[in-house]
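Below: one structure, written as structure tokens.
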Amino acid sequence: MASISARRLAKELKEIQTEGCPVGINLVKADDFATWWFTIEVMGESLYQGEVYTLQFRFEPEYPISSPAVQFVHVYSNGHICASILGNEWSPVLSVVAVCVTLQSMLASCKITTDIRHAPENPKKMIRKNFPQI
């Protein structure tokens with residue numbers, strides 16, 4: 001008999017294969033129920049607009065009771081993602097696609113700002129001007 005994890009992942013994979021993924025999200029590889037690979041493209045006007053990131057999902061036998069381990073591939077030294085839904089706010093009702101959509105949304109929410117503040121040309125001069133006792 002298949003484990004709860006295997007049954008759940010088989011169901012999610014079938015839904016992805018029949019219904020597809022949301023815009024900008026693509027399943028790259030899901031050869032087994034241990035590791036899946038997705039790409040997410042950042043949509044909308046954001047700092048990361050048009051960027052495509054690869055995500056690696058690793059599933060423990062306790063999935064969906066415990067969250068999958070999700071990492072960005074080739075981002076930072078370790079690719080770790082700090083998202084509450086992958087930690088204390090994980091719920092077994094969340095799916096792999098829901099995690100992808102959340103991460104895509106997080107990246108899309110980093111808006112481009114025109115209010116860029118530059119450092120003063122001579123910071124020591126600024127400090128002395130504002131704090132003469134230094």
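Going by the structure tokens order, chains are called A, B, ..., each with residues numbered from 1, while ligands are numbered from 1 in the order shown.
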- request: Excluding Thr102 in chain A and any residue of its chain fewer than 4 positions from it, enumerate the residues within 9 Å of it, using only C-alpha atoms, and give them as a list in words.
  value: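 Result of the neighbour search: Ala83, Ile85, Val97, Ala98, Met106 and Leu107 of chain A.
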query: Neighbours of Gly79 in chain A within 12 Å (only C-alpha atoms; same-chain residues fewer than 5 positions away dropped), as a VMD selection string?
result: chain A and resid 53 to 57 69 to 74
d(CA of Glu15 in chain A, CA of Pro92 in chain A) in Å: 16.5 Å
- request: Work out how far apart CA of Gln104 in chain A and CA of Gly50 in chain A are and give it in Å to one decimal.
  value: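 Spanning CA of Gln104 in chain A to CA of Gly50 in chain A is a straight-line distance of 11.1 Å.
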